[in-house]
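*Asks:* Before anything else, here's the structure in question.
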Amino acid sequence: MIEIVGLTKTLYSGGHPLQILHGIDLRVPAGEFVAIMGPSGSGKSTLLGLIAGLDTPTSGSVKLAGQELVGLGEDALARLRGRTLGFVFQSFHLIPTLTAEENVAVPLELRGDRDARPRARALLATVGLAERGHHLPGQLSGGEQQRVALARAFVAEPPILLADEPTGNLDSATGERVLALLADLRARTGTTMVLVTHDAGLAARADRVVTLKDGRIDSDRRAG
Ligand SMILES: Nc1ncnc2c1ncn2[C@@H]1O[C@H](COP(=O)(O)OP(=O)(O)OP(=O)(O)O)[C@@H](O)[C@H]1O
Ligand SMILES: [Mg+2]
C-alpha cells in the first residue's frame, strides 16, 4: 500500500523557487492499478520519483507498506526499495557496461538468487528479446531498452511496481505484449502498480486514473 499526504516539492533555479508539486494526497491500496496522466510538465515523473524515495520532498509524507520514507537513511532506504519496489524510469537507466541479460539479472543477484541468469534470460524472451541478451544497452533501440528496463523492474516480482511511460517507445503490438505481461504479473502476485502514461489504452485497463495538472491532482476517478 502507498500512502502520500501533503506532498510538496519546490526546486530553486537561479535563486527563484519553483513549486512543482502543491500538496498531493494519494492513497493506493495494495493490489490496485493506478494510471497517472496529465500534460507534460504537470509533475508526474517528480511524483513517481518521490514515491520511490529517489528524491526527497520539500514537505509531506510518503509511506510504502506502512514504512515512512522521508527521513530514512540511505541504507535503510536502499533495503526497503530492494524489497518492495520495481521502478522503470522514463529514460530507462540501464547500466551501460552490462549486457541486457546482466541488467535484468541484477535485482535477483542482489538478493542472492542462484538462478538469476536463466530467469533473466527467460523473461527477456517473454518481452521478445531472446536474441538480444548479450547486447549492451547502447546496441539496442529505445523500445528494446525499454523492454529490458521493464524486465529488470519486474523480474523479482516486487509488491509495488512504478513505471514512467512504460509503453511510450513501443509499437502497438509490443506495447500490448508488455501490458499482457504486467497483467499477468499482477494476477499472479497481486502487485500494486502505479504507471505514468499518456496512453489512453493503457489507462483504460487501470482500476483508477489520477490526472495531474500544474502539480495538483485535477481528477481521480475509477476506470473500467
Ligand atoms: N531538476 C529540475 N530543475 C528545474 N525544473 C525541474 C527539474 N525537474 C523537473 N522540473 C520541472 O518540474 C515540472 C514537472 O516536471 P516532471 O518531469 O515531473 O513532469 P512530467 O509530468 O513528468 O512531464 P513529461 O510528461 O514531459 O514527462 C516541469 O515544469 C519541469 O520543467
Ligand atoms: Mg515525465
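Identifiers in this document derive from the order of the C-alpha cells: chains are assigned A, B, ..., residues are numbered from 1 separately in each chain, and ligands are numbered from 1 in order of occurrence.
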Within 7 Å of ligand 1, counting only C-alpha atoms and all ligand atoms: which residues, as a PyMOL selection string?
*Replies:* chain A and resi 11+13+20+38-47
*Asks:* If you keep all heavy atoms, can you produce a file of those selected residues as a short mmCIF file (atom, residue, chain, number, x, y, z; two decimals), in the first residue's frame?
*Replies:*
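Below is the file out_4.cif, written as the result:
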```
data_model
loop_
_atom_site.label_atom_id
_atom_site.label_comp_id
_atom_site.auth_asym_id
_atom_site.auth_seq_id
_atom_site.Cartn_x
_atom_site.Cartn_y
_atom_site.Cartn_z
N LEU A 11 11.67 23.44 -6.16
CA LEU A 11 13.07 23.50 -6.61
C LEU A 11 13.49 24.95 -6.65
O LEU A 11 12.66 25.84 -6.80
CB LEU A 11 13.21 22.90 -8.01
CG LEU A 11 12.99 21.40 -8.14
CD1 LEU A 11 13.00 21.02 -9.61
CD2 LEU A 11 14.07 20.64 -7.39
N SER A 13 15.75 27.37 -8.87
CA SER A 13 16.60 27.53 -10.05
C SER A 13 16.94 29.00 -10.18
O SER A 13 16.05 29.85 -10.20
CB SER A 13 15.90 26.99 -11.30
OG SER A 13 14.66 27.61 -11.47
N ILE A 20 6.80 22.59 -7.80
CA ILE A 20 6.43 21.59 -8.81
C ILE A 20 5.24 20.75 -8.35
O ILE A 20 4.38 20.41 -9.14
CB ILE A 20 7.64 20.69 -9.10
CG1 ILE A 20 8.71 21.54 -9.76
CG2 ILE A 20 7.27 19.55 -10.02
CD1 ILE A 20 9.98 20.81 -10.01
N GLY A 38 -1.74 13.30 -17.35
CA GLY A 38 -1.61 14.76 -17.21
C GLY A 38 -0.62 15.29 -18.21
O GLY A 38 0.24 14.56 -18.70
N PRO A 39 -0.73 16.59 -18.52
CA PRO A 39 0.14 17.18 -19.53
C PRO A 39 1.62 17.12 -19.16
O PRO A 39 1.96 16.95 -17.99
CB PRO A 39 -0.32 18.63 -19.61
CG PRO A 39 -1.40 18.82 -18.63
CD PRO A 39 -1.67 17.54 -17.93
N SER A 40 2.47 17.29 -20.16
CA SER A 40 3.90 17.36 -19.94
C SER A 40 4.20 18.50 -18.97
O SER A 40 3.64 19.59 -19.10
CB SER A 40 4.58 17.62 -21.30
OG SER A 40 5.96 17.68 -21.12
N GLY A 41 5.05 18.22 -17.99
CA GLY A 41 5.42 19.25 -17.02
C GLY A 41 4.48 19.35 -15.83
O GLY A 41 4.67 20.19 -14.95
N SER A 42 3.46 18.47 -15.77
CA SER A 42 2.49 18.58 -14.66
C SER A 42 2.99 17.96 -13.36
O SER A 42 2.35 18.10 -12.33
CB SER A 42 1.15 17.94 -15.07
OG SER A 42 1.33 16.60 -15.47
N GLY A 43 4.15 17.27 -13.42
CA GLY A 43 4.74 16.76 -12.18
C GLY A 43 4.67 15.25 -12.01
O GLY A 43 4.99 14.73 -10.94
N LYS A 44 4.32 14.52 -13.07
CA LYS A 44 4.13 13.07 -12.97
C LYS A 44 5.44 12.35 -12.60
O LYS A 44 5.46 11.53 -11.68
CB LYS A 44 3.61 12.51 -14.31
CG LYS A 44 2.32 13.18 -14.79
CD LYS A 44 1.83 12.59 -16.10
CE LYS A 44 2.79 12.75 -17.28
NZ LYS A 44 3.01 14.18 -17.66
N SER A 45 6.51 12.65 -13.32
CA SER A 45 7.79 11.97 -13.03
C SER A 45 8.31 12.37 -11.66
O SER A 45 8.88 11.54 -10.93
CB SER A 45 8.84 12.31 -14.09
OG SER A 45 8.45 11.81 -15.35
N THR A 46 8.11 13.64 -11.31
CA THR A 46 8.55 14.11 -9.99
C THR A 46 7.83 13.32 -8.90
O THR A 46 8.45 12.84 -7.94
CB THR A 46 8.26 15.62 -9.84
OG1 THR A 46 8.89 16.30 -10.92
CG2 THR A 46 8.76 16.16 -8.52
N LEU A 47 6.51 13.16 -9.05
CA LEU A 47 5.72 12.42 -8.07
C LEU A 47 6.20 10.97 -7.97
O LEU A 47 6.39 10.44 -6.87
CB LEU A 47 4.23 12.47 -8.45
CG LEU A 47 3.29 11.66 -7.57
CD1 LEU A 47 3.32 12.14 -6.12
CD2 LEU A 47 1.86 11.72 -8.12
#
```
*Asks:* As JSON, numbers by chain, please: all residues of chain A that backbone DSSP puts in strand (DSSP E).
*Replies:* {"A": [2, 3, 4, 5, 6, 7, 8, 9, 10, 11, 12, 13, 16, 17, 18, 19, 20, 21, 22, 23, 24, 25, 26, 27, 28, 33, 34, 35, 36, 37, 59, 60, 61, 62, 63, 64, 67, 68, 85, 86, 87, 88, 160, 161, 162, 163, 164, 192, 193, 194, 195, 196, 208, 209, 210, 211, 212, 213, 216, 217, 218, 219, 220, 221, 222]}
*Asks:* Show me, as a list in words, the residues that have an atom within 9 Å of Ser61 (chain A) when counting only C-alpha atoms, minus same-chain residues fewer than 3 positions from it.
*Replies:* Glu3, Ile4, Val5, Gly6, Leu7, Pro57, Glu68, Leu69 and Val70 of chain A
*Asks:* Could you turn the residues from that selection into a file that holds N, CA, C and O atoms, as a CSV table (one decimal), in the first residue's frame?
*Replies:*
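And here is the file that came out, result.csv:
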```csv
chain,number,residue,atom,x,y,z
A,3,GLU,N,0.9,5.4,0.7
A,3,GLU,CA,0.1,6.5,1.4
A,3,GLU,C,0.9,7.8,1.3
A,3,GLU,O,2.0,7.9,1.8
A,4,ILE,N,0.3,8.7,0.6
A,4,ILE,CA,1.0,10.0,0.4
A,4,ILE,C,0.2,11.1,1.0
A,4,ILE,O,-1.0,11.2,0.7
A,5,VAL,N,0.8,11.9,1.8
A,5,VAL,CA,0.0,13.0,2.5
A,5,VAL,C,0.7,14.3,2.4
A,5,VAL,O,1.9,14.4,2.7
A,6,GLY,N,0.0,15.3,1.8
A,6,GLY,CA,0.5,16.7,1.8
A,6,GLY,C,1.9,16.9,1.2
A,6,GLY,O,2.7,17.7,1.6
A,7,LEU,N,2.1,16.1,0.1
A,7,LEU,CA,3.4,16.1,-0.6
A,7,LEU,C,3.6,17.4,-1.4
A,7,LEU,O,2.9,17.7,-2.3
A,57,PRO,N,11.0,15.0,-0.7
A,57,PRO,CA,10.0,16.0,-0.8
A,57,PRO,C,10.4,17.2,0.0
A,57,PRO,O,11.2,17.1,0.9
A,68,GLU,N,7.5,4.9,6.6
A,68,GLU,CA,7.7,6.2,6.2
A,68,GLU,C,9.1,6.3,5.5
A,68,GLU,O,10.1,5.9,6.0
A,69,LEU,N,9.1,6.9,4.3
A,69,LEU,CA,10.4,7.0,3.5
A,69,LEU,C,11.1,8.3,3.9
A,69,LEU,O,12.4,8.3,3.9
A,70,VAL,N,10.4,9.3,4.2
A,70,VAL,CA,11.0,10.6,4.5
A,70,VAL,C,11.8,10.5,5.7
A,70,VAL,O,11.3,10.1,6.8
```
*Asks:* Find the residues around Thr8 (chain A) up to 10 Å (only C-alpha atoms counted), leave out those fewer than 2 positions away in its own chain, and share them as an NGL selection string.
*Replies:* :A and (5-6 or 10 or 19-25 or 47 or 50 or 56-61 or 215-216)
*Asks:* Considering only C-alpha atoms and all ligand atoms, state which residue in the set A:Asp171, A:Asp207, A:Glu165, A:Asp184 is at the smallest distance from ligand 2.
*Replies:*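 Among the listed residues, the smallest separation from ligand 2 belongs to A:Glu165.
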*Asks:* Pull the helix (DSSP H, G or I) assignments for region 9-132 of chain A out of DSSP run on the backbone, and list those residues as a PyMOL selection string.
*Replies:* chain A and resi 44-51+74-84+100-110+116-126+130-132
*Asks:* Quick one: of A:Leu195, A:Leu94, A:Ala120, A:Leu129, who's nearest to ligand 2, counting only C-alpha atoms and all ligand atoms?
*Replies:*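 Closest to ligand 2 of all the choices is A:Leu195.
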*Asks:* So which residues touch Arg222 (chain A) within 9 Å, counting only C-alpha atoms, skipping near sequence neighbours fewer than 5 positions away, as a PyMOL selection string?
*Replies:* chain A and resi 206-210
*Asks:* Output the selection as an mmCIF file, in the first residue's frame - N, CA and C atoms for each residue.
*Replies:*
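Okay, result-v5.cif is ready:
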```cif
data_model
loop_
_atom_site.group_PDB
_atom_site.id
_atom_site.type_symbol
_atom_site.label_atom_id
_atom_site.label_comp_id
_atom_site.auth_asym_id
_atom_site.auth_seq_id
_atom_site.Cartn_x
_atom_site.Cartn_y
_atom_site.Cartn_z
ATOM 1 N N ALA A 206 -6.542 0.413 -16.236
ATOM 2 C CA ALA A 206 -6.272 0.665 -14.819
ATOM 3 C C ALA A 206 -7.570 0.595 -14.016
ATOM 4 N N ASP A 207 -7.436 0.397 -12.695
ATOM 5 C CA ASP A 207 -8.602 0.446 -11.815
ATOM 6 C C ASP A 207 -9.013 1.895 -11.605
ATOM 7 N N ARG A 208 -8.021 2.790 -11.758
ATOM 8 C CA ARG A 208 -8.221 4.163 -11.344
ATOM 9 C C ARG A 208 -7.286 5.056 -12.142
ATOM 10 N N VAL A 209 -7.784 6.227 -12.521
ATOM 11 C CA VAL A 209 -6.961 7.178 -13.268
ATOM 12 C C VAL A 209 -6.866 8.479 -12.471
ATOM 13 N N VAL A 210 -5.636 8.852 -12.127
ATOM 14 C CA VAL A 210 -5.393 10.107 -11.403
ATOM 15 C C VAL A 210 -4.748 11.066 -12.395
#
```
*Asks:* For a quick check of understanding, using only C-alpha atoms and all ligand atoms, which of A:Val196, A:Leu136, A:Ile95, A:Leu212 has the smallest distance to ligand 2?
*Replies:*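 Closest to ligand 2 of all the choices is A:Val196.
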*Asks:* Would you mind listing what lies within 12 Å of Thr97 (chain A) as a list in words, with only C-alpha atoms counted and same-chain residues fewer than 6 positions away left out?
*Replies:*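 The residues satisfying every condition are Asn103, His134, His135, Leu136, Pro137, Gly138 and Gln139 of chain A.
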*Asks:* For those residues, write C-alpha atoms to a file as an mmCIF file, in the first residue's frame.
*Replies:*
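Result written to selection_32.cif:
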```
data_model
loop_
_atom_site.group_PDB
_atom_site.id
_atom_site.type_symbol
_atom_site.label_atom_id
_atom_site.label_comp_id
_atom_site.auth_asym_id
_atom_site.auth_seq_id
_atom_site.Cartn_x
_atom_site.Cartn_y
_atom_site.Cartn_z
ATOM 1 C CA ASN A 103 20.918 -5.813 -16.341
ATOM 2 C CA HIS A 134 24.222 -10.427 -24.867
ATOM 3 C CA HIS A 135 23.881 -6.900 -26.263
ATOM 4 C CA LEU A 136 24.829 -3.779 -24.334
ATOM 5 C CA PRO A 137 22.121 -1.117 -23.875
ATOM 6 C CA GLY A 138 23.917 1.152 -26.361
ATOM 7 C CA GLN A 139 23.419 -1.506 -29.032
#
```
*Asks:* Neighbouring residues of Pro158 (chain A) were defined as those with any atom within 10 Å, considering only C-alpha atoms; residues of the same chain fewer than 4 positions away were excluded. Please report them as a PyMOL selection string.
*Replies:* chain A and resi 81-87+107+153-154+162+185+189-193
*Asks:* Residues as selected, N, CA, C and O atoms, written as a compact mmCIF listing (two decimals), in the first residue's frame, can you do that?
*Replies:*
```txt
# COMPACT_ATOMS: atom_id res chain seq x y z
N ARG A 81 13.69 -0.27 -0.73
CA ARG A 81 13.45 -0.25 -2.18
C ARG A 81 13.69 -1.62 -2.78
O ARG A 81 12.92 -2.10 -3.60
N GLY A 82 14.78 -2.25 -2.38
CA GLY A 82 15.14 -3.57 -2.91
C GLY A 82 14.07 -4.61 -2.61
O GLY A 82 13.79 -5.48 -3.43
N ARG A 83 13.48 -4.50 -1.42
CA ARG A 83 12.46 -5.48 -1.01
C ARG A 83 11.10 -5.22 -1.66
O ARG A 83 10.37 -6.15 -1.95
N THR A 84 10.76 -3.93 -1.84
CA THR A 84 9.36 -3.67 -2.18
C THR A 84 9.11 -3.08 -3.56
O THR A 84 7.98 -3.09 -4.02
N LEU A 85 10.16 -2.56 -4.22
CA LEU A 85 9.90 -1.76 -5.42
C LEU A 85 10.55 -2.27 -6.69
O LEU A 85 11.70 -2.69 -6.68
N GLY A 86 9.80 -2.18 -7.77
CA GLY A 86 10.39 -2.24 -9.10
C GLY A 86 10.14 -0.88 -9.72
O GLY A 86 9.06 -0.32 -9.55
N PHE A 87 11.13 -0.33 -10.43
CA PHE A 87 10.98 1.01 -10.96
C PHE A 87 11.45 1.06 -12.42
O PHE A 87 12.54 0.61 -12.73
N PRO A 107 18.58 -7.37 -10.02
CA PRO A 107 17.76 -7.44 -8.79
C PRO A 107 17.76 -8.83 -8.16
O PRO A 107 17.68 -8.95 -6.94
N ALA A 153 12.63 -4.43 -13.93
CA ALA A 153 11.76 -3.95 -12.85
C ALA A 153 10.87 -5.05 -12.30
O ALA A 153 10.55 -5.05 -11.12
N PHE A 154 10.42 -5.99 -13.13
CA PHE A 154 9.53 -6.98 -12.54
C PHE A 154 10.07 -8.39 -12.43
O PHE A 154 9.38 -9.29 -11.97
N LEU A 162 6.48 0.65 -10.06
CA LEU A 162 6.30 2.03 -10.50
C LEU A 162 6.93 2.17 -11.87
O LEU A 162 8.08 1.77 -12.06
N LEU A 185 1.66 -10.46 -14.26
CA LEU A 185 2.40 -10.25 -13.01
C LEU A 185 1.41 -9.91 -11.89
O LEU A 185 1.48 -10.43 -10.78
N THR A 189 0.80 -12.15 -8.61
CA THR A 189 1.44 -11.72 -7.36
C THR A 189 0.70 -10.58 -6.66
O THR A 189 1.11 -10.16 -5.59
N GLY A 190 -0.40 -10.09 -7.23
CA GLY A 190 -1.17 -9.01 -6.57
C GLY A 190 -0.38 -7.72 -6.48
O GLY A 190 -0.59 -6.91 -5.56
N THR A 191 0.51 -7.49 -7.44
CA THR A 191 1.36 -6.29 -7.44
C THR A 191 0.53 -5.01 -7.47
O THR A 191 -0.42 -4.90 -8.23
N THR A 192 0.90 -4.06 -6.63
CA THR A 192 0.35 -2.71 -6.71
C THR A 192 1.09 -2.00 -7.84
O THR A 192 2.32 -2.03 -7.88
N MET A 193 0.36 -1.39 -8.77
CA MET A 193 1.04 -0.77 -9.91
C MET A 193 0.65 0.70 -10.04
O MET A 193 -0.53 1.03 -10.07
```
*Asks:* Just how far from CA of Val62 (chain A) is CA of Val194 (chain A), in Å to one decimal?
*Replies:*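 Between these atoms lies a distance of 14.1 Å.
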*Asks:* Looking at only C-alpha atoms and all ligand atoms, which of A:Gly201, A:Gly73, A:Pro118, A:Gly49 is the one that sits closest to ligand 2?
*Replies:*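 Counting only C-alpha atoms and all ligand atoms, the residue closest to ligand 2 is A:Gly49.
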*Asks:* Take CA of Asp220 (chain A) and CA of Leu161 (chain A) and report the distance between them in Å, one decimal.
*Replies:*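 CA of Leu161 (chain A) lies at a distance of 19.6 Å from CA of Asp220 (chain A).
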*Asks:* What is the distance between CA of Asp115 (chain A) and CA of Gly53 (chain A), in Å to one decimal?
*Replies:*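 About the pair CA of Asp115 (chain A) and CA of Gly53 (chain A): they are 28.7 Å apart.
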*Asks:* Tell me which of A:Asp218, A:Glu157, A:Asp164, A:Glu176 sits closest to ligand 2, counting only C-alpha atoms and all ligand atoms.
*Replies:*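 Result for the nearest residue to ligand 2: A:Asp164.
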*Asks:* Between A:Ala173, A:Ile2, A:Ala78, A:Leu108, which has the minimum distance to Leu64 (chain A) (counting only C-alpha atoms)?
*Replies:*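 Comparing A:Ala173, A:Ile2, A:Ala78, A:Leu108 against Leu64 (chain A), the winner is A:Ile2.
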